[in-house]
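What follows is the content of query_5.txt, which has compact mmCIF, C-alpha atoms:
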```
# COMPACT_ATOMS: atom_id res chain seq x y z
CA MET A 37 -4.33 -27.31 -22.99
CA ALA A 38 -1.61 -24.67 -22.93
CA VAL A 39 -0.49 -22.37 -20.14
CA ARG A 40 1.55 -19.19 -20.15
CA ALA A 41 3.51 -17.84 -17.17
CA TYR A 42 4.86 -14.34 -16.69
CA ALA A 43 7.67 -13.62 -14.22
CA PRO A 44 8.58 -9.99 -13.38
CA ALA A 45 12.01 -8.40 -13.23
CA SER A 46 13.55 -7.91 -9.83
CA ALA A 47 16.29 -5.94 -8.12
CA GLY A 48 18.47 -8.02 -5.84
CA ASN A 49 20.03 -6.33 -2.80
CA ILE A 50 18.12 -3.04 -3.25
CA SER A 51 21.31 -1.46 -1.91
CA VAL A 52 20.81 -2.10 1.79
CA GLY A 53 20.40 -5.88 1.77
CA PHE A 54 23.29 -7.57 -0.04
CA ASP A 55 22.15 -11.10 -1.01
CA ILE A 56 19.25 -11.01 1.50
CA LEU A 57 16.76 -8.52 0.02
CA GLY A 58 15.02 -8.37 -3.33
CA ALA A 59 12.12 -6.49 -4.91
CA ALA A 60 9.88 -7.26 -7.90
CA PHE A 61 9.04 -4.46 -10.36
CA ALA A 62 5.89 -3.63 -12.34
CA PRO A 63 5.96 -0.71 -14.84
CA VAL A 64 3.16 1.77 -14.16
CA ASP A 65 2.24 1.92 -17.85
CA GLY A 66 1.28 -1.75 -17.77
CA SER A 67 4.02 -2.91 -20.12
CA PRO A 68 5.71 -6.22 -19.28
CA LEU A 69 9.16 -6.10 -17.69
CA GLY A 70 10.01 -9.77 -17.44
CA ASP A 71 9.90 -13.07 -19.31
CA PHE A 72 7.03 -15.22 -20.58
CA VAL A 73 7.09 -19.00 -20.88
CA THR A 74 4.35 -20.94 -22.66
CA VAL A 75 3.94 -24.70 -22.25
CA ARG A 76 1.73 -26.62 -24.68
CA GLU A 77 1.13 -30.18 -25.81
CA GLY A 78 4.03 -31.50 -27.87
CA SER A 79 4.75 -34.31 -30.28
CA SER A 80 7.93 -35.32 -28.43
CA SER A 81 9.00 -35.48 -24.80
CA PHE A 82 10.53 -31.98 -24.92
CA GLU A 83 11.08 -29.11 -27.34
CA LEU A 84 12.31 -25.61 -26.54
CA ILE A 85 11.65 -22.59 -28.76
CA CYS A 86 13.29 -19.26 -27.91
CA GLN A 87 11.98 -15.93 -29.16
CA GLY A 88 11.80 -12.32 -28.05
CA PRO A 89 14.11 -9.29 -28.24
CA PHE A 90 16.95 -10.90 -26.27
CA ALA A 91 16.66 -14.50 -27.49
CA SER A 92 19.78 -14.06 -29.62
CA LYS A 93 21.84 -13.66 -26.44
CA LEU A 94 20.91 -17.14 -25.21
CA PRO A 95 22.94 -20.33 -25.90
CA GLN A 96 22.24 -21.66 -29.38
CA ASP A 97 22.21 -25.22 -28.06
CA PRO A 98 18.89 -25.76 -26.20
CA ARG A 99 20.63 -28.25 -23.93
CA GLN A 100 22.65 -25.37 -22.47
CA ASN A 101 19.58 -23.25 -21.77
CA ILE A 102 18.52 -22.98 -18.12
CA VAL A 103 14.92 -23.67 -19.15
CA THR A 104 15.96 -27.11 -20.39
CA THR A 105 17.74 -27.81 -17.12
CA ALA A 106 14.69 -26.60 -15.19
CA TRP A 107 12.50 -29.03 -17.15
CA GLU A 108 14.88 -31.92 -16.47
CA ASP A 109 14.95 -31.25 -12.74
CA PHE A 110 11.19 -30.69 -12.63
CA CYS A 111 10.65 -34.11 -14.21
CA GLN A 112 12.80 -35.71 -11.51
CA GLU A 113 10.88 -33.92 -8.76
CA ILE A 114 7.42 -34.93 -9.97
CA ALA A 115 8.60 -38.50 -10.64
CA ARG A 116 9.23 -38.81 -6.91
CA LYS A 117 5.55 -38.04 -6.44
CA GLY A 118 4.49 -40.63 -8.98
CA VAL A 119 3.59 -38.06 -11.65
CA SER A 120 4.65 -38.79 -15.22
CA PRO A 121 6.03 -35.94 -17.36
CA ARG A 122 3.87 -35.03 -20.35
CA ASP A 123 5.10 -34.51 -23.90
CA LEU A 124 5.40 -30.78 -24.36
CA THR A 125 6.81 -27.77 -26.16
CA MET A 126 8.13 -24.81 -24.19
CA ILE A 127 8.31 -21.34 -25.70
CA LEU A 128 10.56 -18.85 -23.92
CA ASP A 129 9.78 -15.24 -24.80
CA LYS A 130 13.02 -13.63 -23.60
CA ARG A 131 12.31 -9.98 -22.87
CA LEU A 132 14.96 -9.27 -20.25
CA PRO A 133 18.60 -8.81 -21.26
CA VAL A 134 21.15 -11.28 -19.92
CA GLY A 135 23.58 -9.85 -17.37
CA SER A 136 21.40 -6.81 -16.75
CA GLY A 137 21.05 -6.89 -12.97
CA LEU A 138 17.29 -7.34 -13.32
CA GLY A 139 17.11 -11.02 -12.43
CA SER A 140 17.09 -12.20 -16.05
CA SER A 141 17.96 -15.82 -15.28
CA ALA A 142 15.52 -15.84 -12.36
CA CYS A 143 12.75 -14.64 -14.67
CA SER A 144 13.30 -17.51 -17.10
CA ILE A 145 13.55 -20.06 -14.28
CA VAL A 146 10.49 -18.83 -12.40
CA ALA A 147 8.31 -18.54 -15.51
CA ALA A 148 9.43 -21.97 -16.75
CA LEU A 149 8.81 -23.82 -13.50
CA ALA A 150 5.55 -22.02 -12.75
CA ALA A 151 4.24 -22.93 -16.22
CA LEU A 152 5.47 -26.53 -16.00
CA ASN A 153 3.84 -27.00 -12.61
CA ALA A 154 0.50 -25.62 -13.81
CA PHE A 155 0.65 -27.71 -17.00
CA HIS A 156 1.04 -30.87 -14.90
CA GLY A 157 -1.78 -30.05 -12.47
CA SER A 158 0.38 -28.38 -9.79
CA PRO A 159 2.05 -31.46 -8.23
CA LEU A 160 4.64 -29.26 -6.46
CA SER A 161 3.71 -26.96 -3.59
CA GLN A 162 4.71 -23.30 -3.53
CA ASP A 163 7.56 -24.05 -1.15
CA GLU A 164 8.78 -27.03 -3.20
CA LEU A 165 8.69 -24.95 -6.35
CA LEU A 166 10.59 -22.06 -4.74
CA ARG A 167 13.31 -24.39 -3.50
CA LEU A 168 13.65 -25.85 -7.00
CA MET A 169 13.87 -22.32 -8.42
CA GLY A 170 16.69 -21.52 -6.00
CA LYS A 171 18.50 -24.69 -7.04
CA GLU A 172 18.29 -23.71 -10.72
CA GLU A 173 19.51 -20.17 -10.01
CA GLY A 174 22.44 -21.68 -8.14
CA ARG A 175 23.51 -23.52 -11.28
CA ILE A 176 24.19 -20.14 -12.88
CA SER A 177 25.59 -18.11 -9.97
CA GLY A 178 27.57 -20.95 -8.40
CA SER A 179 25.61 -21.01 -5.13
CA ILE A 180 21.95 -20.90 -4.19
CA HIS A 181 20.57 -17.36 -3.93
CA TYR A 182 16.91 -16.48 -3.48
CA ASP A 183 17.13 -12.68 -3.63
CA ASN A 184 15.89 -12.67 -7.23
CA VAL A 185 13.78 -15.82 -7.50
CA ALA A 186 11.83 -15.17 -4.27
CA PRO A 187 10.47 -11.71 -5.22
CA CYS A 188 10.10 -12.81 -8.85
CA TYR A 189 7.94 -15.76 -7.80
CA LEU A 190 6.19 -14.36 -4.71
CA GLY A 191 6.16 -10.63 -5.52
CA GLY A 192 6.80 -7.67 -3.24
CA ILE A 193 9.96 -7.07 -1.26
CA GLN A 194 11.34 -10.32 0.14
CA LEU A 195 13.81 -10.79 2.99
CA MET A 196 15.72 -14.06 2.73
CA ALA A 197 15.27 -16.05 5.94
CA GLU A 198 16.40 -19.60 5.16
CA GLU A 199 15.74 -20.59 8.77
CA CYS A 200 13.25 -22.97 10.39
CA GLY A 201 12.02 -24.11 7.00
CA THR A 202 11.16 -20.56 5.88
CA ILE A 203 12.92 -19.39 2.72
CA SER A 204 11.79 -15.76 2.71
CA VAL A 205 9.40 -13.35 4.39
CA THR A 206 7.55 -10.44 2.84
CA VAL A 207 8.60 -6.96 3.94
CA PRO A 208 5.91 -4.26 3.61
CA HIS A 209 6.61 -1.63 0.96
CA PHE A 210 5.61 2.02 0.72
CA ARG A 211 2.88 2.12 -1.91
CA GLU A 212 3.37 5.82 -2.62
CA TRP A 213 6.97 5.30 -3.75
CA PHE A 214 7.81 5.08 -7.44
CA TRP A 215 10.87 3.11 -8.51
CA VAL A 216 12.72 4.05 -11.71
CA SER A 217 14.52 1.01 -13.13
CA CYS A 218 17.06 1.73 -15.84
CA TYR A 219 19.21 -0.65 -17.89
CA PRO A 220 21.99 1.24 -19.74
CA GLY A 221 22.39 -1.37 -22.46
CA ILE A 222 25.73 -2.89 -21.47
CA CYS A 223 26.44 -6.24 -19.79
CA VAL A 224 28.09 -6.94 -16.44
CA SER A 225 28.45 -10.62 -15.56
CA THR A 226 27.51 -11.70 -12.06
CA ALA A 227 30.81 -13.56 -11.81
CA GLU A 228 32.77 -10.41 -12.67
CA ALA A 229 30.72 -8.33 -10.22
CA ARG A 230 31.39 -10.84 -7.43
CA LYS A 231 35.08 -11.16 -8.23
CA ILE A 232 35.64 -7.43 -7.73
CA LEU A 233 34.43 -7.59 -4.12
CA PRO A 234 36.94 -8.02 -1.27
CA ASP A 235 37.26 -11.36 0.49
CA SER A 236 36.63 -9.77 3.89
CA TYR A 237 35.31 -6.55 5.43
CA ASP A 238 36.37 -4.62 8.50
CA ARG A 239 34.33 -4.64 11.69
CA HIS A 240 32.93 -1.14 11.21
CA THR A 241 31.54 -1.98 7.75
CA CYS A 242 29.92 -5.18 9.04
CA ILE A 243 28.28 -3.33 11.92
CA ASP A 244 27.10 -0.58 9.57
CA PHE A 245 25.61 -3.17 7.18
CA GLY A 246 23.73 -4.99 9.96
CA ARG A 247 22.43 -1.74 11.43
CA GLN A 248 21.10 -0.49 8.10
CA VAL A 249 19.34 -3.76 7.22
CA ALA A 250 17.70 -3.90 10.64
CA LEU A 251 16.59 -0.28 10.44
CA PHE A 252 15.19 -0.69 6.91
CA VAL A 253 13.11 -3.71 7.90
CA HIS A 254 11.96 -1.98 11.11
CA ALA A 255 11.06 1.20 9.22
CA SER A 256 9.18 -0.78 6.57
CA PHE A 257 7.06 -2.58 9.16
CA SER A 258 6.47 0.57 11.23
CA GLY A 259 5.68 2.80 8.23
CA ASN A 260 8.60 5.19 8.74
CA ARG A 261 9.31 6.32 5.17
CA ARG A 262 11.97 8.83 6.14
CA LEU A 263 14.03 6.28 8.06
CA ALA A 264 13.59 3.60 5.40
CA SER A 265 14.88 5.83 2.60
CA ALA A 266 17.72 7.22 4.74
CA VAL A 267 19.31 3.78 5.17
CA LEU A 268 18.91 2.63 1.55
CA ARG A 269 22.67 2.67 1.06
CA ASP A 270 25.09 -0.04 -0.03
CA VAL A 271 28.24 -0.24 2.08
CA LEU A 272 29.34 -3.67 0.82
CA ALA A 273 29.16 -3.85 -2.98
CA GLU A 274 28.54 -0.42 -4.47
CA PRO A 275 31.91 1.09 -3.46
CA TYR A 276 33.56 -1.53 -5.71
CA ARG A 277 30.95 -2.28 -8.39
CA ARG A 278 30.34 1.35 -9.31
CA SER A 279 33.59 1.23 -11.32
CA LEU A 280 31.98 -1.38 -13.61
CA ILE A 281 29.14 0.98 -14.57
CA PRO A 282 30.11 3.98 -16.73
CA GLY A 283 28.40 7.18 -15.59
CA PHE A 284 27.08 5.71 -12.32
CA ASP A 285 28.25 8.54 -10.04
CA ARG A 286 26.88 11.22 -12.36
CA ALA A 287 23.54 9.40 -12.61
CA ARG A 288 23.23 9.12 -8.85
CA GLU A 289 24.11 12.76 -8.32
CA ALA A 290 21.58 13.89 -10.92
CA SER A 291 18.80 11.64 -9.58
CA LEU A 292 19.25 12.84 -6.01
CA ARG A 293 19.36 16.45 -7.21
CA LEU A 294 16.04 15.90 -8.99
CA GLY A 295 14.45 14.67 -5.77
CA ALA A 296 15.08 10.91 -5.60
CA LEU A 297 15.11 9.50 -2.09
CA ALA A 298 17.74 6.89 -2.88
CA PHE A 299 19.76 5.59 -5.83
CA GLY A 300 21.64 2.33 -6.22
CA ILE A 301 22.80 -0.62 -8.28
CA SER A 302 20.16 -3.19 -9.21
CA GLY A 303 21.59 -6.58 -8.26
CA SER A 304 25.14 -6.82 -9.58
CA GLY A 305 24.46 -4.17 -12.24
CA PRO A 306 24.69 -2.54 -14.67
CA SER A 307 21.03 -1.60 -14.17
CA VAL A 308 20.32 1.04 -11.56
CA PHE A 309 17.24 2.07 -9.63
CA ALA A 310 16.02 5.31 -8.10
CA VAL A 311 13.41 5.49 -5.34
CA THR A 312 11.22 8.58 -5.67
CA PRO A 313 8.47 10.03 -3.46
CA ASP A 314 5.97 10.71 -6.26
CA GLN A 315 5.34 10.15 -9.95
CA GLY A 316 6.39 13.65 -10.97
CA THR A 317 9.87 13.14 -9.54
CA ALA A 318 10.02 9.68 -11.10
CA GLU A 319 9.25 11.16 -14.51
CA GLN A 320 12.06 13.71 -14.19
CA VAL A 321 14.57 11.04 -13.14
CA ASP A 322 13.37 8.73 -15.90
CA ARG A 323 13.87 11.45 -18.55
CA TRP A 324 17.37 12.24 -17.29
CA LEU A 325 18.44 8.60 -17.30
CA ARG A 326 17.03 8.04 -20.78
CA SER A 327 18.97 11.02 -22.12
CA ASN A 328 22.21 10.69 -20.18
CA PHE A 329 22.72 7.16 -18.83
CA ILE A 330 21.46 4.79 -21.52
CA SER A 331 24.36 4.10 -23.88
CA ASN A 332 22.80 2.21 -26.81
CA GLU A 333 19.59 0.97 -28.42
CA ASN A 334 19.38 -2.02 -26.08
CA GLY A 335 18.91 0.18 -23.02
CA PHE A 336 15.58 1.12 -21.45
CA SER A 337 14.06 2.81 -18.44
CA HIS A 338 10.73 2.18 -16.71
CA ILE A 339 8.83 3.95 -13.96
CA CYS A 340 7.67 1.15 -11.71
CA ARG A 341 5.78 0.24 -8.59
CA ILE A 342 6.63 -2.79 -6.48
CA ASP A 343 4.98 -5.80 -8.12
CA GLY A 344 2.95 -7.33 -5.31
CA THR A 345 1.81 -10.34 -7.32
CA GLY A 346 4.95 -11.99 -8.61
CA ALA A 347 4.65 -14.81 -11.15
CA ARG A 348 1.24 -15.45 -12.68
CA VAL A 349 -0.05 -18.25 -14.88
CA GLU A 350 -2.97 -18.27 -17.29
CA GLU A 351 -4.48 -20.75 -19.72
CA VAL A 352 -4.03 -19.79 -23.37
CA GLN A 353 -5.15 -21.12 -26.72
```
Could you write out this file's structure as structure tokens?
Amino acid sequence: MAVRAYAPASAGNISVGFDILGAAFAPVDGSPLGDFVTVREGSSSFELICQGPFASKLPQDPRQNIVTTAWEDFCQEIARKGVSPRDLTMILDKRLPVGSGLGSSACSIVAALAALNAFHGSPLSQDELLRLMGKEEGRISGSIHYDNVAPCYLGGIQLMAEECGTISVTVPHFREWFWVSCYPGICVSTAEARKILPDSYDRHTCIDFGRQVALFVHASFSGNRRLASAVLRDVLAEPYRRSLIPGFDRAREASLRLGALAFGISGSGPSVFAVTPDQGTAEQVDRWLRSNFISNENGFSHICRIDGTGARVEEVQ
């Protein structure tokens, strides 16, 4: 038996919700925007094979790959349940660039753990698996964050709760919106993007942040599209991180001029996203970004909807 898992790209923060909101993306043309991990019977306890357009950017030593670490921790978790790890080979098809702001590490982690769990007969519950995913993501970022792994695994727009045993809750999304996700082709490390932020914020900024998050969640649940798009602004990170992304201000100005409802940094960047009211506007913004924002052959842009499914696993030959 062999299983293959797909985990979609995600945008942490989505401007208004620094570290507490995230959204999963699905290109409207049906093309994959995420990573695949296949798990099959192996001749040894563990083997990792990396392939795909961005595999060359991964550590050459498999022991330094987050997929290997995820397998090691998964084995410990199922051992506590009396389940023995099976001999296997894992194949990571790395289709998301590292340091892109699209949840690249989360994609690999989610796909790996979802595939491992299915391959072993699903010994871990959804909640147990999500907590393990957050733990693995924390190994990379330095602290546990669910704003990429939660939407990547569960789909939709997720609000991080982390209270009363609940990790995240699903926030309704506007199905008529189209999201343009564009990676310019350069790399911005999460550590660098966090280092540029101030250690503290003034009272006015904190109040403004809380007000906007509350209004966005309220507007999403009440179906108020105008209010939801009006508060999709980043008062915490974007004023500082925009300097790390060449051409960001020009791209935002052009996207809004073309009819976008909102424009912001995807996660810690350098990818950006534009929220548009219809596909025609999305196509115009997509064309502009392709021609004026992408800086090299590694860059790409996709017109997306919110991916309501999240990670999915299938049996393969």
Give me the residues of stretch 91-160 of chain A that have any atom at most 7 Å from an atom of stretch 58-82 of chain A; for each, the nearest atom pair and the distance in Å, rounded to one decimal. Use all atoms listed in the file, sort by chain and number, and format it as JSON lines.
```
{"residue": "A:Arg122", "atom": "CA", "partner": "A:Ser81", "partner_atom": "CA", "distance": 6.8}
{"residue": "A:Asp123", "atom": "CA", "partner": "A:Ser81", "partner_atom": "CA", "distance": 4.1}
{"residue": "A:Leu124", "atom": "CA", "partner": "A:Gly78", "partner_atom": "CA", "distance": 3.8}
{"residue": "A:Thr125", "atom": "CA", "partner": "A:Gly78", "partner_atom": "CA", "distance": 5.0}
{"residue": "A:Met126", "atom": "CA", "partner": "A:Val75", "partner_atom": "CA", "distance": 4.6}
{"residue": "A:Ile127", "atom": "CA", "partner": "A:Thr74", "partner_atom": "CA", "distance": 5.0}
{"residue": "A:Leu128", "atom": "CA", "partner": "A:Val73", "partner_atom": "CA", "distance": 4.6}
{"residue": "A:Asp129", "atom": "CA", "partner": "A:Phe72", "partner_atom": "CA", "distance": 5.0}
{"residue": "A:Lys130", "atom": "CA", "partner": "A:Asp71", "partner_atom": "CA", "distance": 5.3}
{"residue": "A:Arg131", "atom": "CA", "partner": "A:Asp71", "partner_atom": "CA", "distance": 5.3}
{"residue": "A:Leu132", "atom": "CA", "partner": "A:Gly70", "partner_atom": "CA", "distance": 5.7}
{"residue": "A:Cys143", "atom": "CA", "partner": "A:Asp71", "partner_atom": "CA", "distance": 5.7}
{"residue": "A:Ser144", "atom": "CA", "partner": "A:Asp71", "partner_atom": "CA", "distance": 6.0}
{"residue": "A:Ala147", "atom": "CA", "partner": "A:Val73", "partner_atom": "CA", "distance": 5.5}
{"residue": "A:Ala148", "atom": "CA", "partner": "A:Val73", "partner_atom": "CA", "distance": 5.6}
{"residue": "A:Ala151", "atom": "CA", "partner": "A:Val75", "partner_atom": "CA", "distance": 6.3}
{"residue": "A:Leu152", "atom": "CA", "partner": "A:Val75", "partner_atom": "CA", "distance": 6.7}
{"residue": "A:Phe155", "atom": "CA", "partner": "A:Val75", "partner_atom": "CA", "distance": 6.9}
```
Using all atoms listed in the file, determine which residues lie at most 12 Å from A:Arg116, disregarding the query and same-chain residues fewer than 6 positions distant; provide the list as number ranges by chain.
A: 109-110, 159-160
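Among the candidate residues A:Ser307, A:Asn49, A:Gln320, A:Ser179, the one lying nearest to A:Phe245 is A:Asn49, with distances computed using all atoms listed in the file.
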Might you pull out every residue within 7 Å of stretch 259-269 of chain A, with all atoms listed in the file counted and same-chain residues fewer than 6 positions away left off, and present them as a PyMOL selection string?
chain A and resi 51-52+248+252+297-298
Counting only C-alpha atoms, the option among A:Tyr219, A:Tyr182, A:Phe214, A:Trp107 closest to A:Val134:
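Once distances to A:Val134 are computed over only C-alpha atoms, the minimum belongs to A:Tyr219.
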Nearby residues (all atoms listed in the file) at most 9 Å from stretch 162-173 of chain A, same-chain spacing under 2 positions excluded, as a VMD selection string
chain A and resid 102 105 to 106 109 to 110 113 141 to 142 145 to 146 149 to 150 153 160 175 to 182 184 to 186 189 to 190 202 to 203
Since the input is missing atoms for stretch 85-97 of chain A, could you rebuild it with N, CA and C atoms and give the result as a short mmCIF file (atom, residue, chain, number, x, y, z; two decimals), keeping the file's coordinate frame?
```cif
data_model
loop_
_atom_site.label_atom_id
_atom_site.label_comp_id
_atom_site.auth_asym_id
_atom_site.auth_seq_id
_atom_site.Cartn_x
_atom_site.Cartn_y
_atom_site.Cartn_z
N ILE A 85 11.60 -23.64 -27.75
CA ILE A 85 11.65 -22.59 -28.76
C ILE A 85 11.93 -21.27 -28.05
N CYS A 86 12.94 -20.55 -28.50
CA CYS A 86 13.29 -19.26 -27.91
C CYS A 86 12.97 -18.13 -28.88
N GLN A 87 12.32 -17.11 -28.36
CA GLN A 87 11.98 -15.93 -29.16
C GLN A 87 12.06 -14.71 -28.27
N GLY A 88 11.77 -13.55 -28.84
CA GLY A 88 11.80 -12.32 -28.05
C GLY A 88 13.03 -11.48 -28.36
N PRO A 89 13.05 -10.24 -27.89
CA PRO A 89 14.11 -9.29 -28.24
C PRO A 89 15.51 -9.68 -27.79
N PHE A 90 15.62 -10.53 -26.76
CA PHE A 90 16.95 -10.90 -26.27
C PHE A 90 17.23 -12.39 -26.42
N ALA A 91 16.45 -13.06 -27.26
CA ALA A 91 16.66 -14.50 -27.49
C ALA A 91 18.01 -14.78 -28.13
N SER A 92 18.51 -13.85 -28.93
CA SER A 92 19.78 -14.06 -29.62
C SER A 92 20.97 -14.13 -28.65
N LYS A 93 20.77 -13.66 -27.44
CA LYS A 93 21.84 -13.66 -26.44
C LYS A 93 21.91 -14.97 -25.67
N LEU A 94 20.96 -15.86 -25.91
CA LEU A 94 20.91 -17.14 -25.21
C LEU A 94 21.77 -18.17 -25.92
N PRO A 95 22.17 -19.26 -25.24
CA PRO A 95 22.94 -20.33 -25.90
C PRO A 95 22.18 -20.89 -27.09
N GLN A 96 22.88 -21.12 -28.18
CA GLN A 96 22.24 -21.66 -29.38
C GLN A 96 21.81 -23.11 -29.19
N ASP A 97 22.55 -23.83 -28.36
CA ASP A 97 22.21 -25.22 -28.06
C ASP A 97 21.16 -25.25 -26.96
#
```
